[in-house]
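*Asks:* So I've got this file, entry_21.txt, and it contains compact mmCIF, N, CA and C atoms:
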# COMPACT_ATOMS: atom_id res chain seq x y z
N MET A 34 99.90 45.93 97.67
CA MET A 34 99.10 45.68 98.85
C MET A 34 99.62 46.54 100.00
N ARG A 35 98.72 47.15 100.74
CA ARG A 35 99.08 48.06 101.81
C ARG A 35 98.68 47.45 103.15
N LYS A 36 99.60 47.53 104.11
CA LYS A 36 99.30 47.03 105.45
C LYS A 36 98.80 48.19 106.30
N THR A 37 97.71 47.98 107.02
CA THR A 37 97.12 49.02 107.85
C THR A 37 97.18 48.59 109.31
N ASP A 38 97.70 49.47 110.15
CA ASP A 38 97.76 49.19 111.58
C ASP A 38 96.40 49.45 112.22
N ALA A 39 96.22 48.87 113.40
CA ALA A 39 95.00 49.12 114.16
C ALA A 39 95.00 50.58 114.63
N PRO A 40 93.84 51.17 114.80
CA PRO A 40 93.79 52.57 115.23
C PRO A 40 94.37 52.74 116.64
N ARG A 41 94.99 53.88 116.86
CA ARG A 41 95.64 54.17 118.14
C ARG A 41 94.65 54.14 119.31
N PRO A 42 93.42 54.66 119.15
CA PRO A 42 92.48 54.57 120.29
C PRO A 42 92.19 53.12 120.68
N LEU A 43 92.25 52.19 119.73
CA LEU A 43 92.02 50.79 120.05
C LEU A 43 93.14 50.27 120.95
N ARG A 44 94.38 50.59 120.61
CA ARG A 44 95.50 50.14 121.44
C ARG A 44 95.39 50.69 122.85
N ARG A 45 95.02 51.99 122.97
CA ARG A 45 94.87 52.59 124.29
C ARG A 45 93.73 51.93 125.07
N ALA A 46 92.63 51.65 124.38
CA ALA A 46 91.48 51.04 125.05
C ALA A 46 91.80 49.61 125.51
N LEU A 47 92.54 48.86 124.70
CA LEU A 47 92.90 47.50 125.09
C LEU A 47 93.85 47.51 126.29
N LYS A 48 94.75 48.50 126.32
CA LYS A 48 95.65 48.63 127.46
C LYS A 48 94.85 48.95 128.72
N ARG A 49 93.88 49.86 128.59
CA ARG A 49 93.02 50.22 129.71
C ARG A 49 92.17 49.03 130.16
N LEU A 50 91.72 48.22 129.20
CA LEU A 50 90.92 47.03 129.53
C LEU A 50 91.73 46.05 130.37
N ARG A 51 92.98 45.84 129.99
CA ARG A 51 93.83 44.93 130.78
C ARG A 51 93.97 45.44 132.21
N ARG A 52 94.17 46.76 132.36
CA ARG A 52 94.32 47.34 133.69
C ARG A 52 93.05 47.20 134.51
N LEU A 53 91.89 47.47 133.88
CA LEU A 53 90.62 47.37 134.61
C LEU A 53 90.29 45.93 134.99
N GLN A 54 90.65 44.97 134.15
CA GLN A 54 90.37 43.58 134.50
C GLN A 54 91.24 43.12 135.66
N ARG A 55 92.47 43.62 135.72
CA ARG A 55 93.30 43.31 136.90
C ARG A 55 92.68 43.94 138.14
N LYS A 56 92.18 45.18 138.00
CA LYS A 56 91.54 45.87 139.11
C LYS A 56 90.31 45.10 139.59
N LEU A 57 89.52 44.59 138.64
CA LEU A 57 88.32 43.83 138.99
C LEU A 57 88.67 42.55 139.75
N SER A 58 89.79 41.94 139.38
CA SER A 58 90.16 40.68 140.03
C SER A 58 90.51 40.89 141.50
N ARG A 59 90.82 42.13 141.89
CA ARG A 59 91.12 42.42 143.30
C ARG A 59 89.90 42.90 144.07
N ARG A 60 88.78 43.09 143.40
CA ARG A 60 87.57 43.61 144.05
C ARG A 60 86.71 42.45 144.55
N GLY A 61 85.75 42.77 145.42
CA GLY A 61 84.79 41.79 145.91
C GLY A 61 85.33 40.99 147.07
N VAL A 62 84.43 40.26 147.70
CA VAL A 62 84.80 39.40 148.81
C VAL A 62 85.13 38.03 148.24
N ARG A 63 86.33 37.54 148.58
CA ARG A 63 86.80 36.27 148.02
C ARG A 63 87.15 35.29 149.12
N ASP A 64 87.09 33.99 148.79
CA ASP A 64 87.48 32.96 149.76
C ASP A 64 89.00 32.76 149.71
N GLU A 65 89.48 31.77 150.47
CA GLU A 65 90.93 31.55 150.56
C GLU A 65 91.54 31.08 149.24
N LYS A 66 90.73 30.53 148.33
CA LYS A 66 91.23 30.10 147.02
C LYS A 66 91.13 31.21 145.97
N GLY A 67 90.58 32.36 146.35
CA GLY A 67 90.49 33.49 145.43
C GLY A 67 89.20 33.55 144.64
N ARG A 68 88.27 32.63 144.91
CA ARG A 68 86.98 32.65 144.20
C ARG A 68 86.07 33.72 144.78
N LEU A 69 85.31 34.34 143.90
CA LEU A 69 84.43 35.43 144.31
C LEU A 69 83.24 34.88 145.10
N ILE A 70 83.02 35.44 146.27
CA ILE A 70 81.89 35.04 147.11
C ILE A 70 80.79 36.08 147.04
N GLU A 71 81.16 37.36 147.16
CA GLU A 71 80.18 38.44 147.21
C GLU A 71 80.63 39.59 146.33
N ARG A 72 79.69 40.13 145.55
CA ARG A 72 79.98 41.29 144.71
C ARG A 72 79.73 42.56 145.52
N THR A 73 80.79 43.31 145.76
CA THR A 73 80.64 44.55 146.50
C THR A 73 80.27 45.68 145.53
N LYS A 74 79.99 46.86 146.08
CA LYS A 74 79.63 47.99 145.23
C LYS A 74 80.80 48.39 144.33
N ASN A 75 82.01 48.35 144.88
CA ASN A 75 83.18 48.68 144.07
C ASN A 75 83.40 47.64 142.96
N TYR A 76 83.08 46.39 143.25
CA TYR A 76 83.17 45.35 142.23
C TYR A 76 82.20 45.66 141.10
N GLU A 77 80.97 46.01 141.45
CA GLU A 77 79.95 46.30 140.44
C GLU A 77 80.31 47.53 139.62
N LYS A 78 80.86 48.56 140.27
CA LYS A 78 81.26 49.77 139.53
C LYS A 78 82.36 49.44 138.52
N THR A 79 83.32 48.65 138.95
CA THR A 79 84.42 48.28 138.04
C THR A 79 83.89 47.40 136.92
N ARG A 80 82.98 46.48 137.24
CA ARG A 80 82.42 45.60 136.22
C ARG A 80 81.66 46.40 135.16
N LEU A 81 80.89 47.40 135.59
CA LEU A 81 80.17 48.24 134.64
C LEU A 81 81.12 49.09 133.80
N GLU A 82 82.21 49.54 134.41
CA GLU A 82 83.21 50.31 133.66
C GLU A 82 83.85 49.44 132.57
N ILE A 83 84.09 48.17 132.89
CA ILE A 83 84.64 47.24 131.90
C ILE A 83 83.63 47.00 130.77
N ALA A 84 82.35 46.89 131.12
CA ALA A 84 81.32 46.68 130.10
C ALA A 84 81.24 47.88 129.15
N ARG A 85 81.33 49.09 129.70
CA ARG A 85 81.33 50.29 128.84
C ARG A 85 82.56 50.31 127.94
N LEU A 86 83.70 49.90 128.47
CA LEU A 86 84.93 49.88 127.68
C LEU A 86 84.84 48.83 126.57
N HIS A 87 84.23 47.69 126.85
CA HIS A 87 84.02 46.67 125.80
C HIS A 87 83.16 47.24 124.67
N ARG A 88 82.13 47.99 125.02
CA ARG A 88 81.28 48.60 123.99
C ARG A 88 82.09 49.60 123.17
N ARG A 89 82.94 50.38 123.83
CA ARG A 89 83.77 51.36 123.13
C ARG A 89 84.74 50.66 122.18
N ILE A 90 85.34 49.57 122.62
CA ILE A 90 86.28 48.81 121.77
C ILE A 90 85.54 48.28 120.55
N ARG A 91 84.34 47.76 120.75
CA ARG A 91 83.55 47.26 119.62
C ARG A 91 83.26 48.39 118.63
N ASN A 92 82.89 49.56 119.14
CA ASN A 92 82.60 50.69 118.26
C ASN A 92 83.83 51.18 117.51
N ILE A 93 84.99 51.18 118.17
CA ILE A 93 86.23 51.59 117.52
C ILE A 93 86.55 50.64 116.38
N ARG A 94 86.41 49.33 116.62
CA ARG A 94 86.71 48.34 115.59
C ARG A 94 85.75 48.46 114.41
N LEU A 95 84.46 48.63 114.70
CA LEU A 95 83.48 48.75 113.62
C LEU A 95 83.71 50.02 112.81
N ASP A 96 84.03 51.13 113.48
CA ASP A 96 84.28 52.38 112.79
C ASP A 96 85.49 52.25 111.87
N PHE A 97 86.55 51.64 112.37
CA PHE A 97 87.76 51.43 111.57
C PHE A 97 87.44 50.55 110.36
N LEU A 98 86.67 49.51 110.58
CA LEU A 98 86.33 48.59 109.51
C LEU A 98 85.48 49.28 108.44
N HIS A 99 84.50 50.08 108.85
CA HIS A 99 83.66 50.79 107.89
C HIS A 99 84.47 51.79 107.08
N LYS A 100 85.36 52.52 107.75
CA LYS A 100 86.19 53.50 107.04
C LYS A 100 87.13 52.82 106.05
N LEU A 101 87.71 51.69 106.47
CA LEU A 101 88.64 50.97 105.60
C LEU A 101 87.93 50.40 104.37
N THR A 102 86.79 49.75 104.57
CA THR A 102 86.08 49.16 103.44
C THR A 102 85.53 50.23 102.50
N THR A 103 85.09 51.36 103.06
CA THR A 103 84.61 52.44 102.21
C THR A 103 85.73 52.99 101.34
N GLU A 104 86.91 53.16 101.94
CA GLU A 104 88.06 53.65 101.17
C GLU A 104 88.46 52.66 100.08
N LEU A 105 88.43 51.37 100.40
CA LEU A 105 88.80 50.35 99.41
C LEU A 105 87.82 50.36 98.24
N VAL A 106 86.54 50.46 98.53
CA VAL A 106 85.54 50.45 97.47
C VAL A 106 85.65 51.69 96.59
N ARG A 107 85.97 52.82 97.19
CA ARG A 107 86.09 54.05 96.41
C ARG A 107 87.35 54.09 95.55
N THR A 108 88.42 53.44 96.00
CA THR A 108 89.69 53.56 95.28
C THR A 108 89.95 52.41 94.32
N HIS A 109 89.25 51.30 94.44
CA HIS A 109 89.50 50.14 93.59
C HIS A 109 88.23 49.78 92.83
N PRO A 110 88.34 49.56 91.51
CA PRO A 110 87.13 49.26 90.73
C PRO A 110 86.55 47.87 91.04
N VAL A 111 87.42 46.88 91.29
CA VAL A 111 86.95 45.52 91.58
C VAL A 111 87.73 44.99 92.78
N ILE A 112 87.02 44.37 93.70
CA ILE A 112 87.65 43.79 94.87
C ILE A 112 87.23 42.33 94.95
N ALA A 113 88.21 41.44 95.11
CA ALA A 113 87.92 40.00 95.24
C ALA A 113 88.42 39.53 96.60
N ILE A 114 87.63 38.71 97.27
CA ILE A 114 88.01 38.17 98.56
C ILE A 114 88.04 36.66 98.44
N GLU A 115 89.15 36.06 98.86
CA GLU A 115 89.27 34.62 98.83
C GLU A 115 88.72 34.07 100.14
N ASP A 116 87.89 33.06 100.06
CA ASP A 116 87.27 32.47 101.23
C ASP A 116 88.21 31.40 101.79
N LEU A 117 88.98 31.75 102.82
CA LEU A 117 89.95 30.83 103.42
C LEU A 117 89.40 30.25 104.72
N ASP A 118 89.87 29.06 105.06
CA ASP A 118 89.50 28.44 106.32
C ASP A 118 90.49 28.93 107.38
N VAL A 119 90.06 29.88 108.19
CA VAL A 119 90.94 30.54 109.14
C VAL A 119 91.44 29.57 110.20
N ARG A 120 90.64 28.59 110.57
CA ARG A 120 91.08 27.63 111.59
C ARG A 120 92.33 26.88 111.13
N ASN A 121 92.36 26.49 109.87
CA ASN A 121 93.54 25.79 109.36
C ASN A 121 94.75 26.72 109.30
N LEU A 122 94.54 27.98 108.95
CA LEU A 122 95.65 28.93 108.91
C LEU A 122 96.22 29.16 110.30
N LEU A 123 95.36 29.20 111.31
CA LEU A 123 95.83 29.38 112.68
C LEU A 123 96.59 28.15 113.15
N LYS A 124 96.13 26.96 112.77
CA LYS A 124 96.81 25.72 113.16
C LYS A 124 98.20 25.64 112.57
N THR A 125 98.33 25.98 111.29
CA THR A 125 99.62 25.85 110.61
C THR A 125 100.54 27.03 110.87
N GLY A 126 100.01 28.12 111.42
CA GLY A 126 100.84 29.28 111.69
C GLY A 126 101.10 30.13 110.47
N ASP A 127 100.27 30.01 109.42
CA ASP A 127 100.47 30.79 108.21
C ASP A 127 99.93 32.20 108.33
N LEU A 128 99.30 32.53 109.44
CA LEU A 128 98.76 33.86 109.67
C LEU A 128 99.63 34.54 110.73
N PRO A 129 100.70 35.22 110.32
CA PRO A 129 101.66 35.74 111.31
C PRO A 129 101.09 36.89 112.13
N GLY A 130 101.25 36.79 113.45
CA GLY A 130 100.90 37.88 114.34
C GLY A 130 99.44 38.26 114.37
N THR A 131 98.55 37.35 114.02
CA THR A 131 97.14 37.69 114.05
C THR A 131 96.40 36.77 115.00
N SER A 132 95.23 37.22 115.39
CA SER A 132 94.38 36.40 116.22
C SER A 132 92.98 36.46 115.64
N PRO A 133 92.11 35.52 116.00
CA PRO A 133 90.75 35.53 115.46
C PRO A 133 89.96 36.76 115.88
N THR A 134 90.42 37.49 116.89
CA THR A 134 89.68 38.66 117.36
C THR A 134 90.18 39.95 116.74
N SER A 135 91.02 39.84 115.72
CA SER A 135 91.57 41.07 115.13
C SER A 135 90.47 41.87 114.43
N ALA A 136 90.74 43.12 114.21
CA ALA A 136 89.73 44.02 113.66
C ALA A 136 89.38 43.69 112.22
N GLY A 137 90.27 43.04 111.51
CA GLY A 137 90.02 42.76 110.10
C GLY A 137 89.21 41.51 109.83
N ALA A 138 88.86 40.76 110.84
CA ALA A 138 88.19 39.48 110.64
C ALA A 138 86.86 39.58 109.89
N PRO A 139 85.92 40.46 110.27
CA PRO A 139 84.63 40.45 109.59
C PRO A 139 84.54 41.34 108.35
N SER A 140 85.67 41.69 107.75
CA SER A 140 85.63 42.66 106.66
C SER A 140 84.87 42.15 105.44
N GLY A 141 84.82 40.86 105.22
CA GLY A 141 84.09 40.32 104.08
C GLY A 141 82.60 40.59 104.18
N ARG A 142 82.06 40.51 105.38
CA ARG A 142 80.63 40.74 105.56
C ARG A 142 80.27 42.19 105.28
N SER A 143 81.03 43.13 105.83
CA SER A 143 80.65 44.52 105.67
C SER A 143 80.90 45.01 104.25
N SER A 144 81.90 44.45 103.57
CA SER A 144 82.20 44.89 102.21
C SER A 144 81.11 44.48 101.23
N LYS A 145 80.41 43.41 101.51
CA LYS A 145 79.38 42.94 100.59
C LYS A 145 78.22 43.92 100.49
N ARG A 146 78.06 44.76 101.51
CA ARG A 146 76.98 45.73 101.48
C ARG A 146 77.36 47.00 100.72
N LYS A 147 78.63 47.15 100.43
CA LYS A 147 79.08 48.36 99.75
C LYS A 147 78.88 48.22 98.25
N PRO A 148 78.68 49.32 97.53
CA PRO A 148 78.45 49.25 96.08
C PRO A 148 79.72 48.85 95.33
N SER A 149 79.54 48.33 94.16
CA SER A 149 80.60 47.90 93.23
C SER A 149 81.58 46.94 93.89
N PHE A 150 81.04 45.90 94.50
CA PHE A 150 81.87 44.92 95.18
C PHE A 150 81.54 43.53 94.64
N GLU A 151 82.56 42.76 94.32
CA GLU A 151 82.36 41.39 93.87
C GLU A 151 83.19 40.46 94.75
N ALA A 152 82.59 39.39 95.23
CA ALA A 152 83.30 38.43 96.07
C ALA A 152 83.46 37.13 95.30
N CYS A 153 84.57 36.47 95.54
CA CYS A 153 84.76 35.16 94.91
C CYS A 153 85.18 34.18 95.99
N GLY A 154 84.64 33.00 95.97
CA GLY A 154 84.99 31.97 96.93
C GLY A 154 85.98 31.00 96.32
N SER A 155 86.70 30.30 97.19
CA SER A 155 87.67 29.34 96.65
C SER A 155 87.22 27.93 96.92
Here is the file; what I need is its structure written in the form of structure tokens.

*Replies:*
Amino acid sequence: MRKTDAPRPLRRALKRLRRLQRKLSRRGVRDEKGRLIERTKNYEKTRLEIARLHRRIRNIRLDFLHKLTTELVRTHPVIAIEDLDVRNLLKTGDLPGTSPTSAGAPSGRSSKRKPSFEACGS
């Protein structure tokens, strides 16, 4: 079994997303408790930049997933996927260093569309 890291552009984009979200939190007119009262033009520009970055992150993840599943289908004659309850794995901590938003989460769905693929449930 081979472990694959997330693509480098994804790490850079996530780092940039964190920075832009901090920048957005300082934009706009806010009250004394820090709640947003009015969206200024700079607030809207930053918000749109974050939306574009979210789209880019989604595309990077999908591209990585398609490339990975295509390579797996081409190099392995039979692929089996066990249907696990991820919520229970997250509760017990049996999934080290992962989160539900990781890039590998929807791989079962995209692999089913690829040729010579067999899935098995548990």

*Asks:* Using all atoms listed in the file, which protein or nucleic acid residues come within 7 Å of segment 70-82 of chain A? Drop anything in the same chain fewer than 5 positions from it, and give the result as a ChimeraX atom specification.

*Replies:* /A:53,56-57,60-64,87

*Asks:* Atom C of Arg88 of chain A to atom C of Arg41 of chain A: how many Å, to one decimal?

*Replies:*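 We find that atom C of Arg88 of chain A and atom C of Arg41 of chain A lie 13.9 Å from each other.
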
*Asks:* With distances taken over only N, CA and C atoms, which of A:Phe97, A:Ile90, A:Glu115, A:Gly126 is nearest to Ala46 of chain A?

*Replies:*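 Residue with the minimum atom-to-atom distance to Ala46 of chain A: A:Ile90.
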
*Asks:* How many Å lie between atom CA of Asn121 of chain A and atom C of Arg94 of chain A, rounded to one decimal?

*Replies:*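 Calculated distance between atom CA of Asn121 of chain A and atom C of Arg94 of chain A is 24.5 Å.
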
*Asks:* Just to confirm, what's the straight-line distance from atom N of Ile93 of chain A to atom C of Arg44 of chain A in Å (one decimal)?

*Replies:* 11.4 Å
